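Novice: See input_39.cif below, with mmCIF, C-alpha atoms.
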data_data
#
loop_
_atom_site.group_PDB
_atom_site.id
_atom_site.type_symbol
_atom_site.label_atom_id
_atom_site.label_comp_id
_atom_site.auth_asym_id
_atom_site.auth_seq_id
_atom_site.Cartn_x
_atom_site.Cartn_y
_atom_site.Cartn_z
ATOM 1 C CA MET X 1 4.447 363.691 0.886
ATOM 2 C CA GLU X 2 0.884 363.135 2.089
ATOM 3 C CA ILE X 3 -1.144 366.196 3.059
ATOM 4 C CA ARG X 4 -4.805 365.799 3.932
ATOM 5 C CA ALA X 5 -7.150 368.498 2.641
ATOM 6 C CA LYS X 6 -9.880 369.230 5.178
ATOM 7 C CA SER X 7 -11.901 371.678 3.099
ATOM 8 C CA PRO X 8 -12.207 372.584 -0.609
ATOM 9 C CA VAL X 9 -10.243 375.753 0.034
ATOM 10 C CA GLU X 10 -7.264 373.765 1.293
ATOM 11 C CA VAL X 11 -6.910 372.041 -2.059
ATOM 12 C CA PHE X 12 -5.032 375.198 -3.028
ATOM 13 C CA LEU X 13 -2.648 374.713 -0.128
ATOM 14 C CA VAL X 14 -2.167 371.045 -0.874
ATOM 15 C CA MET X 15 -1.274 371.581 -4.517
ATOM 16 C CA LEU X 16 0.930 374.602 -3.863
ATOM 17 C CA ALA X 17 2.736 372.583 -1.229
ATOM 18 C CA ALA X 18 3.089 369.656 -3.598
ATOM 19 C CA SER X 19 4.555 371.895 -6.253
ATOM 20 C CA ALA X 20 7.116 372.984 -3.669
ATOM 21 C CA ALA X 21 7.947 369.430 -2.675
ATOM 22 C CA LEU X 22 10.306 368.736 -5.552
ATOM 23 C CA PHE X 23 13.134 366.455 -4.595
ATOM 24 C CA ALA X 24 16.695 365.953 -5.770
ATOM 25 C CA GLN X 25 18.496 363.296 -7.843
ATOM 26 C CA SER X 26 17.722 363.197 -11.554
ATOM 27 C CA ALA X 27 16.158 360.037 -12.913
ATOM 28 C CA GLY X 28 18.849 357.920 -14.472
ATOM 29 C CA SER X 29 21.631 360.300 -13.406
ATOM 30 C CA SER X 30 24.426 359.707 -10.940
ATOM 31 C CA PRO X 31 25.484 362.256 -8.271
ATOM 32 C CA ASP X 32 28.735 362.744 -10.193
ATOM 33 C CA LYS X 33 26.848 363.774 -13.315
ATOM 34 C CA LEU X 34 24.741 366.163 -11.286
ATOM 35 C CA GLN X 35 27.881 367.676 -9.791
ATOM 36 C CA ASN X 36 29.137 368.495 -13.298
ATOM 37 C CA HIS X 37 26.114 370.778 -13.749
ATOM 38 C CA ALA X 38 26.707 372.722 -10.533
ATOM 39 C CA SER X 39 28.158 375.742 -12.355
ATOM 40 C CA ILE X 40 25.057 376.292 -14.486
ATOM 41 C CA VAL X 41 23.696 379.797 -13.972
ATOM 42 C CA ASP X 42 20.713 379.756 -16.323
ATOM 43 C CA ALA X 43 17.570 379.955 -14.194
ATOM 44 C CA ARG X 44 15.377 377.868 -16.478
ATOM 45 C CA GLU X 45 18.027 375.166 -16.710
ATOM 46 C CA ILE X 46 18.305 375.046 -12.928
ATOM 47 C CA VAL X 47 14.539 374.643 -12.667
ATOM 48 C CA ARG X 48 14.479 372.078 -15.477
ATOM 49 C CA LEU X 49 17.044 369.941 -13.681
ATOM 50 C CA SER X 50 15.083 370.260 -10.457
ATOM 51 C CA ILE X 51 11.844 369.216 -12.124
ATOM 52 C CA ALA X 52 13.614 366.322 -13.814
ATOM 53 C CA ALA X 53 14.751 365.266 -10.337
ATOM 54 C CA THR X 54 11.193 364.983 -9.037
ATOM 55 C CA GLU X 55 10.170 361.597 -10.375
ATOM 56 C CA ARG X 56 12.957 359.589 -8.796
ATOM 57 C CA SER X 57 12.614 361.162 -5.378
ATOM 58 C CA TRP X 58 8.805 361.044 -5.550
ATOM 59 C CA GLN X 59 9.220 357.305 -5.907
ATOM 60 C CA ALA X 60 11.902 357.263 -3.218
ATOM 61 C CA ARG X 61 9.343 358.333 -0.630
ATOM 62 C CA ASN X 62 7.737 354.910 -1.131
ATOM 63 C CA HIS X 63 10.748 353.529 0.746
ATOM 64 C CA TYR X 64 10.551 355.780 3.809
ATOM 65 C CA THR X 65 8.504 355.828 6.974
ATOM 66 C CA TYR X 66 8.210 358.992 9.067
ATOM 67 C CA MET X 67 6.187 360.922 11.620
ATOM 68 C CA GLU X 68 3.947 363.893 10.827
ATOM 69 C CA ARG X 69 2.499 366.481 13.210
ATOM 70 C CA ASP X 70 -0.415 368.404 11.684
ATOM 71 C CA GLU X 71 -1.586 371.563 13.475
ATOM 72 C CA ASP X 72 -4.788 372.808 11.829
ATOM 73 C CA ARG X 73 -6.228 376.097 13.102
ATOM 74 C CA ARG X 74 -9.216 378.284 12.212
ATOM 75 C CA LEU X 75 -8.680 381.982 12.921
ATOM 76 C CA ASP X 76 -10.996 384.916 13.574
ATOM 77 C CA SER X 77 -10.794 388.312 11.845
ATOM 78 C CA LEU X 78 -8.126 389.443 14.312
ATOM 79 C CA GLY X 79 -5.947 386.427 13.648
ATOM 80 C CA GLN X 80 -6.779 384.770 16.960
ATOM 81 C CA VAL X 81 -7.314 381.012 17.105
ATOM 82 C CA LYS X 82 -10.993 380.012 17.166
ATOM 83 C CA SER X 83 -10.441 376.267 16.964
ATOM 84 C CA GLU X 84 -7.515 373.901 16.680
ATOM 85 C CA ASN X 85 -6.961 370.254 15.872
ATOM 86 C CA VAL X 86 -3.597 368.545 16.194
ATOM 87 C CA ASP X 87 -3.009 365.113 14.697
ATOM 88 C CA VAL X 88 0.135 363.038 15.007
ATOM 89 C CA THR X 89 0.400 360.295 12.421
ATOM 90 C CA ARG X 90 2.955 357.728 11.370
ATOM 91 C CA MET X 91 3.417 357.190 7.654
ATOM 92 C CA ILE X 92 3.778 353.451 7.117
ATOM 93 C CA LEU X 93 4.071 351.321 4.012
ATOM 94 C CA VAL X 94 1.500 348.679 3.143
ATOM 95 C CA ASN X 95 1.963 346.519 0.060
ATOM 96 C CA GLY X 96 3.996 349.291 -1.542
ATOM 97 C CA ALA X 97 1.460 352.019 -0.727
ATOM 98 C CA ARG X 98 1.717 354.844 1.821
ATOM 99 C CA PHE X 99 -0.741 354.872 4.720
ATOM 100 C CA GLU X 100 -1.212 357.508 7.421
ATOM 101 C CA GLN X 101 -1.737 355.797 10.756
ATOM 102 C CA LEU X 102 -3.276 358.058 13.423
ATOM 103 C CA MET X 103 -1.267 357.985 16.653
ATOM 104 C CA GLU X 104 -2.707 360.966 18.561
ATOM 105 C CA HIS X 105 -5.569 363.437 18.205
ATOM 106 C CA ASN X 106 -5.343 366.615 20.293
ATOM 107 C CA GLY X 107 -2.840 365.024 22.656
ATOM 108 C CA GLN X 108 -4.914 361.904 23.279
ATOM 109 C CA LEU X 109 -4.771 358.388 21.935
ATOM 110 C CA PRO X 110 -7.336 357.719 19.186
ATOM 111 C CA THR X 111 -10.851 357.050 20.407
ATOM 112 C CA ALA X 112 -12.416 353.672 19.720
ATOM 113 C CA LYS X 113 -14.280 355.220 16.782
ATOM 114 C CA GLU X 114 -11.153 356.835 15.347
ATOM 115 C CA GLN X 115 -9.153 353.641 15.822
ATOM 116 C CA LYS X 116 -11.830 351.573 14.099
ATOM 117 C CA LYS X 117 -11.880 353.894 11.101
ATOM 118 C CA SER X 118 -8.087 353.739 10.868
ATOM 119 C CA ASP X 119 -8.127 349.948 11.160
ATOM 120 C CA ASP X 120 -10.871 349.665 8.531
ATOM 121 C CA ASP X 121 -8.946 351.902 6.117
ATOM 122 C CA LEU X 122 -5.785 349.887 6.724
ATOM 123 C CA ASP X 123 -7.608 346.601 6.142
ATOM 124 C CA LYS X 124 -9.101 347.972 2.929
ATOM 125 C CA LEU X 125 -5.657 348.929 1.673
ATOM 126 C CA LYS X 126 -4.248 345.526 2.593
ATOM 127 C CA HIS X 127 -6.953 343.896 0.472
ATOM 128 C CA GLU X 128 -6.879 346.428 -2.353
ATOM 129 C CA THR X 129 -8.268 345.094 -5.621
ATOM 130 C CA PRO X 130 -6.385 345.522 -8.911
ATOM 131 C CA ALA X 131 -8.955 348.124 -10.000
ATOM 132 C CA GLU X 132 -8.560 350.084 -6.745
ATOM 133 C CA LYS X 133 -4.779 350.007 -7.090
ATOM 134 C CA THR X 134 -5.008 351.292 -10.659
ATOM 135 C CA ALA X 135 -7.276 354.147 -9.526
ATOM 136 C CA ARG X 136 -4.924 355.015 -6.653
ATOM 137 C CA LEU X 137 -1.881 355.113 -8.915
ATOM 138 C CA ARG X 138 -3.773 357.194 -11.476
ATOM 139 C CA LYS X 139 -4.738 359.740 -8.813
ATOM 140 C CA ASP X 140 -1.134 359.888 -7.617
ATOM 141 C CA GLN X 141 0.014 360.578 -11.161
ATOM 142 C CA GLU X 142 -2.628 363.292 -11.638
ATOM 143 C CA ASN X 143 -1.553 364.997 -8.412
ATOM 144 C CA ARG X 144 1.948 365.522 -9.767
ATOM 145 C CA SER X 145 1.233 365.901 -13.484
ATOM 146 C CA PHE X 146 1.058 369.695 -13.165
ATOM 147 C CA LEU X 147 4.821 369.737 -12.550
ATOM 148 C CA GLU X 148 5.296 369.214 -16.278
ATOM 149 C CA ASP X 149 3.785 372.660 -16.918
ATOM 150 C CA MET X 150 5.934 374.655 -14.505
ATOM 151 C CA LEU X 151 8.499 375.796 -17.078
ATOM 152 C CA GLN X 152 5.726 377.051 -19.347
ATOM 153 C CA ALA X 153 3.654 378.570 -16.542
ATOM 154 C CA PHE X 154 6.380 380.641 -14.875
ATOM 155 C CA ASP X 155 9.293 382.915 -15.681
ATOM 156 C CA PHE X 156 12.302 382.304 -13.432
ATOM 157 C CA GLN X 157 14.973 384.824 -12.500
ATOM 158 C CA LEU X 158 18.209 383.893 -10.751
ATOM 159 C CA VAL X 159 18.600 386.587 -8.105
ATOM 160 C CA GLY X 160 21.603 385.305 -6.182
ATOM 161 C CA GLU X 161 23.022 382.607 -3.951
ATOM 162 C CA GLU X 162 22.574 382.022 -0.215
ATOM 163 C CA ILE X 163 23.536 379.500 2.424
ATOM 164 C CA VAL X 164 20.414 377.825 3.809
ATOM 165 C CA GLY X 165 20.677 375.181 6.489
ATOM 166 C CA GLY X 166 24.388 374.892 5.828
ATOM 167 C CA ARG X 167 23.866 374.285 2.080
ATOM 168 C CA LEU X 168 24.791 376.667 -0.722
ATOM 169 C CA ALA X 169 21.698 377.369 -2.804
ATOM 170 C CA TYR X 170 20.602 379.187 -5.930
ATOM 171 C CA VAL X 171 17.877 381.732 -5.173
ATOM 172 C CA LEU X 172 15.262 382.095 -7.898
ATOM 173 C CA HIS X 173 12.190 384.278 -8.190
ATOM 174 C CA ALA X 174 9.198 382.825 -10.033
ATOM 175 C CA THR X 175 6.455 384.939 -11.621
ATOM 176 C CA PRO X 176 3.543 383.899 -13.874
ATOM 177 C CA HIS X 177 4.432 383.748 -17.550
ATOM 178 C CA PRO X 178 2.205 386.098 -19.616
ATOM 179 C CA GLY X 179 0.002 384.217 -22.032
ATOM 180 C CA TYR X 180 0.214 380.864 -20.304
ATOM 181 C CA HIS X 181 -2.878 378.795 -21.080
ATOM 182 C CA GLU X 182 -3.906 376.844 -18.014
ATOM 183 C CA ARG X 183 -4.032 373.065 -18.192
ATOM 184 C CA GLY X 184 -5.481 370.578 -15.749
ATOM 185 C CA LYS X 185 -7.764 371.216 -12.804
ATOM 186 C CA TYR X 186 -5.125 373.164 -10.858
ATOM 187 C CA GLY X 187 -3.694 375.159 -13.760
ATOM 188 C CA LYS X 188 -5.688 378.286 -12.919
ATOM 189 C CA MET X 189 -3.622 378.946 -9.808
ATOM 190 C CA PHE X 190 -0.377 379.232 -11.777
ATOM 191 C CA SER X 191 -1.227 382.710 -13.054
ATOM 192 C CA LYS X 192 -2.233 383.841 -9.554
ATOM 193 C CA VAL X 193 0.841 382.932 -7.517
ATOM 194 C CA GLU X 194 4.498 383.847 -7.361
ATOM 195 C CA GLY X 195 7.328 382.910 -5.089
ATOM 196 C CA ARG X 196 10.970 382.429 -4.319
ATOM 197 C CA LEU X 197 12.865 379.134 -4.508
ATOM 198 C CA TRP X 198 16.098 378.031 -2.869
ATOM 199 C CA VAL X 199 17.657 375.232 -4.940
ATOM 200 C CA ASP X 200 20.630 373.251 -3.675
ATOM 201 C CA LYS X 201 23.691 373.864 -5.859
ATOM 202 C CA GLN X 202 25.061 370.370 -5.380
ATOM 203 C CA ASP X 203 22.127 368.154 -6.307
ATOM 204 C CA PHE X 204 19.312 370.572 -7.252
ATOM 205 C CA GLY X 205 17.037 369.666 -4.346
ATOM 206 C CA TRP X 206 14.522 372.263 -3.227
ATOM 207 C CA ILE X 207 15.713 373.470 0.179
ATOM 208 C CA LYS X 208 13.006 376.066 0.677
ATOM 209 C CA VAL X 209 10.074 377.681 -1.098
ATOM 210 C CA ASP X 210 8.164 380.819 -0.182
ATOM 211 C CA GLY X 211 5.010 381.378 -2.239
ATOM 212 C CA ALA X 212 2.019 383.705 -2.107
ATOM 213 C CA VAL X 213 -1.265 384.337 -3.911
ATOM 214 C CA THR X 214 -1.030 387.638 -5.781
ATOM 215 C CA GLN X 215 -4.553 387.628 -7.236
ATOM 216 C CA SER X 216 -7.702 386.126 -5.742
ATOM 217 C CA PHE X 217 -9.269 383.261 -7.658
ATOM 218 C CA SER X 218 -12.288 380.986 -7.424
ATOM 219 C CA MET X 219 -12.130 377.232 -7.227
ATOM 220 C CA GLY X 220 -14.191 374.204 -6.392
ATOM 221 C CA ILE X 221 -17.856 373.328 -6.555
ATOM 222 C CA PHE X 222 -18.481 375.262 -3.338
ATOM 223 C CA VAL X 223 -17.662 378.583 -5.006
ATOM 224 C CA ALA X 224 -14.731 379.163 -2.681
ATOM 225 C CA ARG X 225 -12.592 382.151 -3.490
ATOM 226 C CA VAL X 226 -8.977 382.023 -2.322
ATOM 227 C CA LEU X 227 -7.933 385.552 -1.433
ATOM 228 C CA ARG X 228 -4.821 387.516 -2.219
ATOM 229 C CA GLY X 229 -2.161 387.179 0.468
ATOM 230 C CA SER X 230 -2.599 383.449 1.122
ATOM 231 C CA HIS X 231 0.896 382.220 1.848
ATOM 232 C CA ILE X 232 3.032 379.087 2.159
ATOM 233 C CA ILE X 233 6.565 378.347 3.317
ATOM 234 C CA LEU X 234 8.135 374.922 2.869
ATOM 235 C CA GLU X 235 11.467 373.785 4.296
ATOM 236 C CA GLN X 236 13.046 370.483 3.298
ATOM 237 C CA THR X 237 15.882 368.327 4.547
ATOM 238 C CA SER X 238 18.298 365.974 2.838
ATOM 239 C CA VAL X 239 17.880 362.415 4.112
ATOM 240 C CA GLY X 240 20.897 361.123 2.228
ATOM 241 C CA ASP X 241 21.699 359.802 -1.233
ATOM 242 C CA ALA X 242 20.550 363.095 -2.809
ATOM 243 C CA VAL X 243 16.968 362.602 -1.607
ATOM 244 C CA TRP X 244 15.087 365.499 0.000
ATOM 245 C CA MET X 245 12.035 365.237 2.233
ATOM 246 C CA PRO X 246 9.766 367.846 3.855
ATOM 247 C CA LYS X 247 10.810 369.144 7.267
ATOM 248 C CA ARG X 248 8.278 371.923 7.935
ATOM 249 C CA LEU X 249 5.321 373.250 5.981
ATOM 250 C CA GLU X 250 3.571 376.410 7.131
ATOM 251 C CA MET X 251 0.433 377.591 5.328
ATOM 252 C CA ARG X 252 -1.894 380.542 5.821
ATOM 253 C CA ALA X 253 -4.939 380.976 3.604
ATOM 254 C CA SER X 254 -7.890 383.346 3.539
ATOM 255 C CA ALA X 255 -11.026 382.594 1.565
ATOM 256 C CA ARG X 256 -14.691 383.381 1.082
ATOM 257 C CA ILE X 257 -17.284 380.711 0.521
ATOM 258 C CA LEU X 258 -20.397 381.636 -1.450
ATOM 259 C CA PHE X 259 -19.156 385.255 -1.182
ATOM 260 C CA LEU X 260 -20.428 385.360 2.401
ATOM 261 C CA LYS X 261 -18.542 383.223 4.898
ATOM 262 C CA SER X 262 -14.962 384.216 5.582
ATOM 263 C CA LEU X 263 -12.479 381.456 6.333
ATOM 264 C CA ASP X 264 -8.959 381.927 7.666
ATOM 265 C CA ILE X 265 -6.774 378.838 7.888
ATOM 266 C CA GLU X 266 -3.391 378.336 9.486
ATOM 267 C CA ARG X 267 -1.751 374.964 9.095
ATOM 268 C CA ILE X 268 1.681 373.828 10.244
ATOM 269 C CA LEU X 269 3.015 370.394 9.413
ATOM 270 C CA THR X 270 6.314 369.106 10.783
ATOM 271 C CA TYR X 271 8.024 365.883 9.734
ATOM 272 C CA SER X 272 10.574 363.780 11.608
ATOM 273 C CA ASP X 273 12.052 360.326 12.154
ATOM 274 C CA TYR X 274 12.646 359.449 8.522
ATOM 275 C CA ALA X 275 13.684 355.813 8.171
ATOM 276 C CA GLN X 276 14.395 353.995 4.938
ATOM 277 C CA VAL X 277 12.786 350.598 4.434
ATOM 278 C CA ALA X 278 14.654 347.969 2.436
ATOM 279 C CA ASP X 279 13.332 347.011 -0.992
ATOM 280 C CA GLY X 280 10.609 344.430 -0.787
ATOM 281 C CA VAL X 281 10.095 345.014 2.945
ATOM 282 C CA TYR X 282 7.114 347.041 4.065
ATOM 283 C CA SER X 283 6.224 348.336 7.475
ATOM 284 C CA VAL X 284 2.878 347.790 9.179
ATOM 285 C CA SER X 285 2.728 348.855 12.813
ATOM 286 C CA ARG X 286 0.348 349.953 15.536
#
Could you write out this file's structure as structure tokens?
Specialist:
Amino acid sequence: MEIRAKSPVEVFLVMLAASAALFAQSAGSSPDKLQNHASIVDAREIVRLSIAATERSWQARNHYTYMERDEDRRLDSLGQVKSENVDVTRMILVNGARFEQLMEHNGQLPTAKEQKKSDDDLDKLKHETPAEKTARLRKDQENRSFLEDMLQAFDFQLVGEEIVGGRLAYVLHATPHPGYHERGKYGKMFSKVEGRLWVDKQDFGWIKVDGAVTQSFSMGIFVARVLRGSHIILEQTSVGDAVWMPKRLEMRASARILFLKSLDIERILTYSDYAQVADGVYSVSR
């Protein structure tokens, strides 16, 4: 999943969303083997299987194109919209890499300036040097490396089962684990958030996540402080072959910058038109 951060504060939203976007299908495991685990009721084992599933499906997204609608709003103190930007992009594949191609901005076709920037970025990716590719892959790995710490960072409690979107799911509550020592540049948020997860009983895909900031924390070189109550809800959909992709991502964050300026963000991303691309075939379109 590609989510563009438009301010330092939204890095929190991006990483929390990424942590929610865990997909199904364990690496090296067949659906039949996964089915044999469906009766497991240990919360940590359910989460472990789900985390183990991430790598394969993370790579599976490199074989899908899709559409994304990104509604980005700034709110006033009463929760009213002060400004809004809506982008519609198509995720295409270029030489094995994902690229967001702008299709509309605020209901209009891209301006000449916007189109030129998109074309220049696309051309740069087409002619990516080995060093640039290595740096891109390293960044991609860093963005998901924090998943390895989830079992240590949180305590998970199995609180029941529910049907969500026609699928039977485990419902788990996640709270920060006391004494967890943060690792990586995003580790500090682990002790400040908690949430509820809906995990598919059949293949351990994440159907839904509902997370919130329980304690304010500072981040970034701009001394931004993400405030308690910032919230995210992610819904995912199965696109077949035990692979799950985002369907809707709704985020609401409040922050202070330099302890003075208040910033309220509402962001809704919806995804559609998933299409699998055959191995070795990559899509480049206008």
Novice: Can you measure CA of Ala60 (chain X) to CA of Gly195 (chain X) for me? One decimal in Å is fine.
Specialist: 26.1 Å
Novice: At what distance in Å, to one decimal, does CA of Arg267 (chain X) lie from CA of Arg73 (chain X)?
Specialist: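 Calculated distance between CA of Arg73 (chain X) and CA of Arg267 (chain X) is 6.1 Å.
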Novice: Every residue with an atom at most 12 Å from (-9.0, 390.0, 10.5) (file coordinates; only C-alpha atoms) is what I'm after, so could you write them as JSON, numbers by chain?
Specialist: {"X": [74, 75, 76, 77, 78, 79, 80, 81, 254, 255, 262, 263, 264, 265]}
Novice: For CA of Ser272 (chain X) and CA of Gly211 (chain X), quote the distance in Å rounded to one decimal.
Specialist: 23.1 Å
Novice: For Val86 (chain X), please output as a list of chain:residue names all residues within 12 Å (counting all atoms listed in the file; exclusion window: fewer than 6 positions along the same chain).
Specialist: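 That gives X:Glu68, X:Arg69, X:Asp70, X:Glu71, X:Asp72, X:Arg73, X:Arg74, X:Leu102, X:Met103, X:Glu104, X:His105, X:Asn106, X:Gly107, X:Gln108, X:Leu109, X:Pro110, X:Glu266, X:Arg267, X:Ile268, X:Leu269, X:Thr270.
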Novice: Mind writing the picked residues with C-alpha atoms as a PDB file, in the coordinates of the input?
Specialist:
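This is the output file part-v5.pdb:
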ATOM      1  CA  GLU X  68       3.947 363.893  10.827  1.00  0.00           C
ATOM      2  CA  ARG X  69       2.499 366.481  13.210  1.00  0.00           C
ATOM      3  CA  ASP X  70      -0.415 368.404  11.684  1.00  0.00           C
ATOM      4  CA  GLU X  71      -1.586 371.563  13.475  1.00  0.00           C
ATOM      5  CA  ASP X  72      -4.788 372.808  11.829  1.00  0.00           C
ATOM      6  CA  ARG X  73      -6.228 376.097  13.102  1.00  0.00           C
ATOM      7  CA  ARG X  74      -9.216 378.284  12.212  1.00  0.00           C
ATOM      8  CA  LEU X 102      -3.276 358.058  13.423  1.00  0.00           C
ATOM      9  CA  MET X 103      -1.267 357.985  16.653  1.00  0.00           C
ATOM     10  CA  GLU X 104      -2.707 360.966  18.561  1.00  0.00           C
ATOM     11  CA  HIS X 105      -5.569 363.437  18.205  1.00  0.00           C
ATOM     12  CA  ASN X 106      -5.343 366.615  20.293  1.00  0.00           C
ATOM     13  CA  GLY X 107      -2.840 365.024  22.656  1.00  0.00           C
ATOM     14  CA  GLN X 108      -4.914 361.904  23.279  1.00  0.00           C
ATOM     15  CA  LEU X 109      -4.771 358.388  21.935  1.00  0.00           C
ATOM     16  CA  PRO X 110      -7.336 357.719  19.186  1.00  0.00           C
ATOM     17  CA  GLU X 266      -3.391 378.336   9.486  1.00  0.00           C
ATOM     18  CA  ARG X 267      -1.751 374.964   9.095  1.00  0.00           C
ATOM     19  CA  ILE X 268       1.681 373.828  10.244  1.00  0.00           C
ATOM     20  CA  LEU X 269       3.015 370.394   9.413  1.00  0.00           C
ATOM     21  CA  THR X 270       6.314 369.106  10.783  1.00  0.00           C
TER      22      THR X 270
END
Novice: Evaluate the PyMOL selection byres ((chain X and resi 238) around 10) and record the selected residues as a PyMOL selection string, following the chain and residue labels used in the document.
Specialist: chain X and resi 23-24+205-207+236-237+239-247
Novice: Name every residue that the PyMOL selection byres ((chain X and resi 192) around 12) selects in this structure, writing the answer as a ChimeraX atom specification with chains first and numbers rising.
Specialist: /X:12,16,153-154,174-178,180,182,186-191,193-195,211-218,226-231
Novice: Evaluate the PyMOL selection byres ((chain X and resi 197) around 7) against this structure - the residues, as a ChimeraX atom specification, please.
Specialist: /X:171-173,195-196,198-199,208-210
Novice: With only C-alpha atoms as the basis for distance, which of X:Ala97, X:Asp200, X:Ala53, X:Ser83 is at the shortest distance from Asp140 (chain X)?
Specialist: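 Closest residue, counting only C-alpha atoms: X:Ala97.
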Novice: Just the residues within 9 Å of Arg167 (chain X), please, counting all atoms listed in the file, with nothing from its chain fewer than 2 positions along; format it as an MDAnalysis selection string.
Specialist: chainID X and resid 162:165 169 200:202 207
Novice: Please determine, counting only C-alpha atoms, which residue among X:Leu168, X:Ile233, X:Leu122, X:Val88 has the shortest atom-to-atom distance to Arg248 (chain X).
Specialist: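 Of all the options, X:Ile233 lies closest to Arg248 (chain X).
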Novice: Taking all atoms of region 134-150 of chain X that the file lists and extending 8 Å past them on each side, where is the centre of the axis-aligned box and how long are its edges? Answer in Å to one decimal, as AutoDock Vina command-line options.
Specialist:
--center_x -0.7 --center_y 363.0 --center_z -11.8 --size_x 29.2 --size_y 39.4 --size_z 26.3
Novice: So which one's closest to Lys133 (chain X), X:Asn95, X:Glu148, X:Gln115, X:His63? Using only C-alpha atoms, please.
Specialist: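 Of X:Asn95, X:Glu148, X:Gln115, X:His63, the one nearest Lys133 (chain X), counting only C-alpha atoms, is X:Asn95.
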